[in-house]
$ cat start-v3.cif   # mmCIF, C-alpha atoms and all ligand atoms
data_entry
#
loop_
_atom_site.label_atom_id
_atom_site.label_comp_id
_atom_site.auth_asym_id
_atom_site.auth_seq_id
_atom_site.Cartn_x
_atom_site.Cartn_y
_atom_site.Cartn_z
CA MET A 30 27.08 -60.48 -7.16
CA LYS A 31 27.50 -56.72 -6.85
CA PRO A 32 24.49 -54.65 -5.79
CA TYR A 33 22.31 -53.62 -8.73
CA GLN A 34 21.87 -49.90 -9.29
CA PHE A 35 18.75 -50.19 -11.41
CA CYS A 36 15.78 -52.53 -11.19
CA PRO A 37 16.25 -55.47 -13.61
CA TYR A 38 12.45 -55.59 -14.14
CA CYS A 39 11.32 -51.97 -14.48
CA ALA A 40 14.66 -50.05 -14.73
CA ALA A 41 13.83 -47.65 -11.89
CA PRO A 42 16.81 -46.63 -9.69
CA LEU A 43 17.09 -48.90 -6.66
CA ILE A 44 17.13 -47.53 -3.11
CA VAL A 45 19.17 -49.30 -0.42
CA ARG A 46 16.90 -49.83 2.58
CA GLU A 47 16.27 -52.40 5.26
CA VAL A 48 14.36 -55.43 4.06
CA ALA A 49 14.14 -58.63 6.14
CA GLY A 50 16.74 -57.46 8.63
CA ARG A 51 19.46 -56.23 6.24
CA GLU A 52 20.22 -53.28 3.98
CA ARG A 53 19.31 -54.40 0.45
CA PRO A 54 18.78 -52.68 -2.92
CA ALA A 55 15.02 -52.39 -3.39
CA CYS A 56 12.69 -50.99 -6.06
CA ASP A 57 9.92 -48.72 -4.81
CA ALA A 58 8.25 -48.77 -8.23
CA CYS A 59 7.59 -52.53 -8.61
CA GLY A 60 8.63 -54.05 -5.27
CA PHE A 61 11.71 -55.99 -6.46
CA VAL A 62 14.33 -56.63 -3.76
CA GLN A 63 17.85 -57.83 -4.56
CA PHE A 64 18.70 -60.63 -2.15
CA GLN A 65 22.42 -61.32 -2.54
CA ASP A 66 22.18 -65.08 -2.32
CA PRO A 67 25.47 -66.74 -1.36
CA LYS A 68 27.34 -68.61 -4.08
CA MET A 69 28.13 -72.25 -3.37
CA ALA A 70 31.37 -73.84 -4.51
CA ALA A 71 32.91 -77.29 -4.05
CA ALA A 72 36.58 -78.27 -3.70
CA VAL A 73 38.50 -81.52 -3.38
CA LEU A 74 41.44 -82.28 -1.12
CA LEU A 75 42.79 -84.87 -3.53
CA THR A 76 45.49 -87.00 -1.94
CA GLU A 77 47.60 -90.02 -2.81
CA ASP A 78 50.75 -91.44 -1.18
CA ASN A 79 50.79 -88.59 1.37
CA LYS A 80 50.76 -85.97 -1.39
CA VAL A 81 48.09 -83.43 -2.27
CA LEU A 82 47.13 -82.21 -5.73
CA LEU A 83 47.15 -78.43 -6.23
CA VAL A 84 46.30 -76.43 -9.34
CA ARG A 85 47.74 -73.09 -10.43
CA ARG A 86 44.97 -70.67 -11.34
CA ALA A 87 44.93 -69.31 -14.89
CA VAL A 88 41.94 -67.03 -14.24
CA SER A 89 41.08 -64.10 -12.01
CA PRO A 90 40.93 -63.76 -9.04
CA ARG A 91 44.37 -64.81 -7.72
CA ILE A 92 45.72 -65.76 -11.13
CA GLY A 93 49.04 -67.65 -10.85
CA TYR A 94 48.40 -68.82 -7.28
CA TRP A 95 47.87 -72.39 -6.10
CA ALA A 96 44.47 -73.70 -5.07
CA LEU A 97 42.54 -76.90 -4.58
CA PRO A 98 40.63 -78.11 -7.65
CA ALA A 99 37.28 -76.35 -7.20
CA GLY A 100 34.43 -74.54 -8.85
CA PHE A 101 30.97 -73.12 -8.45
CA VAL A 102 27.95 -75.40 -8.16
CA ASP A 103 25.74 -75.25 -11.25
CA PRO A 104 21.95 -75.18 -10.95
CA GLY A 105 20.63 -78.71 -10.42
CA GLU A 106 24.00 -80.08 -9.26
CA LEU A 107 24.85 -81.51 -5.86
CA PRO A 108 28.19 -80.25 -4.48
CA GLU A 109 29.58 -83.80 -4.74
CA GLU A 110 28.85 -83.74 -8.48
CA THR A 111 30.50 -80.34 -8.83
CA ALA A 112 33.59 -81.63 -7.03
CA VAL A 113 33.98 -84.63 -9.34
CA ARG A 114 33.31 -82.54 -12.46
CA GLU A 115 35.78 -79.80 -11.51
CA VAL A 116 38.60 -82.28 -10.82
CA ALA A 117 38.01 -83.83 -14.25
CA GLU A 118 37.83 -80.43 -15.99
CA GLU A 119 40.91 -78.95 -14.33
CA THR A 120 43.21 -81.94 -13.95
CA GLY A 121 42.01 -84.70 -16.30
CA LEU A 122 41.74 -87.07 -13.32
CA GLU A 123 38.81 -89.23 -12.35
CA VAL A 124 38.24 -88.95 -8.61
CA ALA A 125 36.57 -91.14 -6.00
CA LEU A 126 35.33 -88.84 -3.25
CA GLY A 127 36.28 -89.91 0.25
CA GLY A 128 33.61 -87.90 2.03
CA PHE A 129 32.55 -84.53 3.34
CA MET A 130 35.32 -82.66 5.20
CA GLY A 131 33.95 -79.23 6.00
CA PHE A 132 32.80 -75.75 5.02
CA ALA A 133 34.77 -72.55 4.48
CA ARG A 134 33.83 -68.96 3.71
CA ILE A 135 34.29 -67.59 0.19
CA THR A 136 35.44 -64.05 0.90
CA ASN A 137 35.56 -62.71 -2.69
CA PRO A 138 33.37 -59.56 -2.30
CA ASP A 139 31.87 -60.05 -5.76
CA LYS A 140 30.86 -63.66 -5.08
CA PRO A 141 30.57 -64.18 -1.33
CA GLY A 142 29.43 -67.63 -0.34
CA VAL A 143 30.18 -71.06 1.00
CA LEU A 144 32.84 -73.55 -0.04
CA VAL A 145 32.14 -77.18 0.77
CA TYR A 146 35.14 -79.48 0.51
CA PHE A 147 35.59 -83.20 0.22
CA GLY A 148 38.43 -85.66 0.50
CA GLY A 149 39.21 -87.84 -2.49
CA HIS A 150 41.76 -89.90 -4.35
CA PRO A 151 42.38 -90.47 -8.06
CA VAL A 152 40.99 -93.62 -9.67
CA GLY A 153 41.72 -92.94 -13.34
CA GLY A 154 42.51 -90.43 -16.03
CA GLN A 155 45.79 -88.77 -16.89
CA LEU A 156 47.11 -85.76 -15.01
CA GLN A 157 46.99 -82.73 -17.27
CA ALA A 158 46.34 -79.08 -16.40
CA GLN A 159 43.45 -77.78 -18.47
CA ASP A 160 40.38 -75.54 -18.42
CA ASP A 161 41.05 -72.61 -16.06
CA VAL A 162 44.32 -73.87 -14.56
CA SER A 163 47.84 -73.65 -16.04
CA GLU A 164 49.55 -76.32 -13.92
CA ALA A 165 48.56 -79.28 -11.74
CA ARG A 166 51.10 -80.88 -9.40
CA TRP A 167 51.38 -83.22 -6.43
CA PHE A 168 52.93 -81.74 -3.28
CA SER A 169 54.22 -83.42 -0.14
CA PRO A 170 53.38 -81.64 3.14
CA ALA A 171 56.94 -80.21 3.24
CA GLY A 172 56.70 -78.94 -0.34
CA ILE A 173 53.46 -76.97 -0.17
CA PRO A 174 53.97 -73.45 -1.64
CA TRP A 175 52.68 -71.63 1.45
CA ASP A 176 53.58 -68.16 0.12
CA ASP A 177 51.71 -68.69 -3.13
CA LEU A 178 48.35 -70.08 -2.05
CA ALA A 179 45.27 -68.53 -3.64
CA PHE A 180 42.83 -68.18 -0.76
CA SER A 181 42.64 -68.20 3.04
CA SER A 182 40.45 -71.31 2.73
CA THR A 183 43.23 -73.05 0.72
CA ARG A 184 45.68 -72.36 3.54
CA MET A 185 43.26 -73.45 6.26
CA ILE A 186 42.46 -76.76 4.57
CA LEU A 187 46.10 -77.51 3.70
CA GLU A 188 47.35 -76.64 7.19
CA SER A 189 44.93 -79.05 8.71
CA TRP A 190 45.89 -81.76 6.18
CA ALA A 191 49.65 -81.14 6.58
CA ASN A 192 49.41 -81.31 10.39
CA GLY A 193 47.44 -84.53 10.20
CA ALA A 194 49.67 -85.98 7.46
CA ALA A 195 52.84 -85.08 9.36
CA SER A 196 51.66 -86.68 12.58
CA ALA A 197 50.21 -89.79 10.91
CA PRO A 198 51.88 -93.12 11.68
CA GLN A 199 54.71 -93.70 9.22
CA SER A 200 54.53 -97.50 9.09
CA THR A 201 51.11 -98.14 7.67
CA GLY A 202 51.78 -99.49 4.22
CA GLU A 203 53.97 -100.01 1.19
CA ASN A 204 52.78 -96.74 -0.38
CA ASN A 205 54.26 -94.71 2.45
CA HIS A 206 57.48 -93.72 0.72
CA VAL A 207 57.37 -89.91 0.97
ZN ZN B 1 11.27 -52.30 -10.35
#
$ encode --input "start-v3.cif" --output "structure tokens"
Amino acid sequence: MKPYQFCPYCAAPLIVREVAGRERPACDACGFVQFQDPKMAAAVLLTEDNKVLLVRRAVSPRIGYWALPAGFVDPGELPEETAVREVAEETGLEVALGGFMGFARITNPDKPGVLVYFGGHPVGGQLQAQDDVSEARWFSPAGIPWDDLAFSSTRMILESWANGAASAPQSTGENNHV
């Protein structure tokens, strides 16, 4: 959220001054302080048969670039619930989460915050790009569109997956045909 210029309660101009250890917009008329609370988002590293599902963004920021299925946590939701909901909304797939994988920084200056990401694999549904994505596709580690990734967190998560996927034993099952 951008800094407010006027108090949302009494409409007085806000003054940026130090409150609780940081410079924050504050209202000297009524005492309101704008704490820029971090946004929380959840993403899924959705994999199957040594491929990962990426979605092409149809909305700003980074429209046209590839990202993990992800979205902002709604009030009352746990990040796990957000992750499952966003995969369904963006790709039509039902996902079984495989577990917590890590945190990353959301560096968008308008919505700075924390991305929590999970592993997962599809258990139902039909792959179809919808909602705020224009395309959803499976990529092998060698086919990842490195020059067209949406965010630094997308790259970081995919690099770590691709390195692990590439070095994984290649004789572990009948699905290993990539
Ligand atoms: Zn005020």
$ closest_residue --input "start-v3.cif" --among "A:Pro42, A:Gly148, A:Gly50, A:Gly100" --to "Gly131 (chain A)" --atoms "all atoms listed in the file"
A:Gly148
$ axis_aligned_box --input "start-v3.cif" --around "region 35-41 of chain A" --padding-each-side "5 Å" --output "JSON"
{"center_x": 15.0, "center_y": -51.6, "center_z": -13.0, "size_x": 17.4, "size_y": 17.9, "size_z": 13.5}
$ residues_around --input "start-v3.cif" --residues "Ala96 (chain A)" --least-positions-apart "4" --cutoff "8 Å" --atoms "all atoms listed in the file" --output "PyMOL selection string"
chain A and resi 83-86+178-180+183
$ residues_near_ligand --input "start-v3.cif" --ligand "ligand ZN 1 (chain B)" --cutoff "8 Å" --atoms "all atoms listed in the file" --output "number ranges by chain"
A: 35-43, 55-61
$ write_last_selection --input "start-v3.cif" --atoms "C-alpha atoms" --output "mmCIF file, in the coordinates of the input"
data_model
loop_
_atom_site.group_PDB
_atom_site.id
_atom_site.type_symbol
_atom_site.label_atom_id
_atom_site.label_comp_id
_atom_site.auth_asym_id
_atom_site.auth_seq_id
_atom_site.Cartn_x
_atom_site.Cartn_y
_atom_site.Cartn_z
ATOM 1 C CA PHE A 35 18.750 -50.190 -11.410
ATOM 2 C CA CYS A 36 15.780 -52.530 -11.190
ATOM 3 C CA PRO A 37 16.250 -55.470 -13.610
ATOM 4 C CA TYR A 38 12.450 -55.590 -14.140
ATOM 5 C CA CYS A 39 11.320 -51.970 -14.480
ATOM 6 C CA ALA A 40 14.660 -50.050 -14.730
ATOM 7 C CA ALA A 41 13.830 -47.650 -11.890
ATOM 8 C CA PRO A 42 16.810 -46.630 -9.690
ATOM 9 C CA LEU A 43 17.090 -48.900 -6.660
ATOM 10 C CA ALA A 55 15.020 -52.390 -3.390
ATOM 11 C CA CYS A 56 12.690 -50.990 -6.060
ATOM 12 C CA ASP A 57 9.920 -48.720 -4.810
ATOM 13 C CA ALA A 58 8.250 -48.770 -8.230
ATOM 14 C CA CYS A 59 7.590 -52.530 -8.610
ATOM 15 C CA GLY A 60 8.630 -54.050 -5.270
ATOM 16 C CA PHE A 61 11.710 -55.990 -6.460
#
$ atom_distance --input "start-v3.cif" --atom1 "CA of Asn79 (chain A)" --atom2 "CA of Ile135 (chain A)"
26.7 Å
$ atom_distance --input "start-v3.cif" --atom1 "CA of Phe147 (chain A)" --atom2 "CA of Met130 (chain A)"
5.0 Å
$ residues_around --input "start-v3.cif" --residues "region 158-162 of chain A" --least-positions-apart "4" --cutoff "10 Å" --atoms "only C-alpha atoms" --output "list in words"
Leu83, Val84, Arg85, Arg86, Ala87, Val88, Ser89, Ile92, Gly93, Tyr94, Trp95, Ala96, Pro98, Gly100, Glu115, Ala117, Glu118, Glu119, Thr120, Gly121, Leu122 and Arg166 of chain A
$ closest_residue --input "start-v3.cif" --among "A:Gly172, A:Phe132, A:Phe101, A:Ser189" --to "Leu144 (chain A)" --atoms "all atoms listed in the file"
A:Phe132
$ closest_residue --input "start-v3.cif" --among "A:Val73, A:Met185, A:Ile173, A:Val45" --to "Phe129 (chain A)" --atoms "only C-alpha atoms"
A:Val73
$ closest_residue --input "start-v3.cif" --among "A:Val113, A:Leu156, A:Ala165, A:Ala99" --to "Ala71 (chain A)" --atoms "all atoms listed in the file"
A:Ala99
$ atom_distance --input "start-v3.cif" --atom1 "CA of Tyr146 (chain A)" --atom2 "CA of Glu188 (chain A)"
14.2 Å
$ closest_residue --input "start-v3.cif" --among "A:Gly193, A:Asn137, A:Gln155, A:His150" --to "Leu75 (chain A)" --atoms "all atoms listed in the file"
A:His150
$ closest_residue --input "start-v3.cif" --among "A:Gln63, A:Thr76, A:Thr136, A:Thr111" --to "Leu187 (chain A)" --atoms "only C-alpha atoms"
A:Thr76
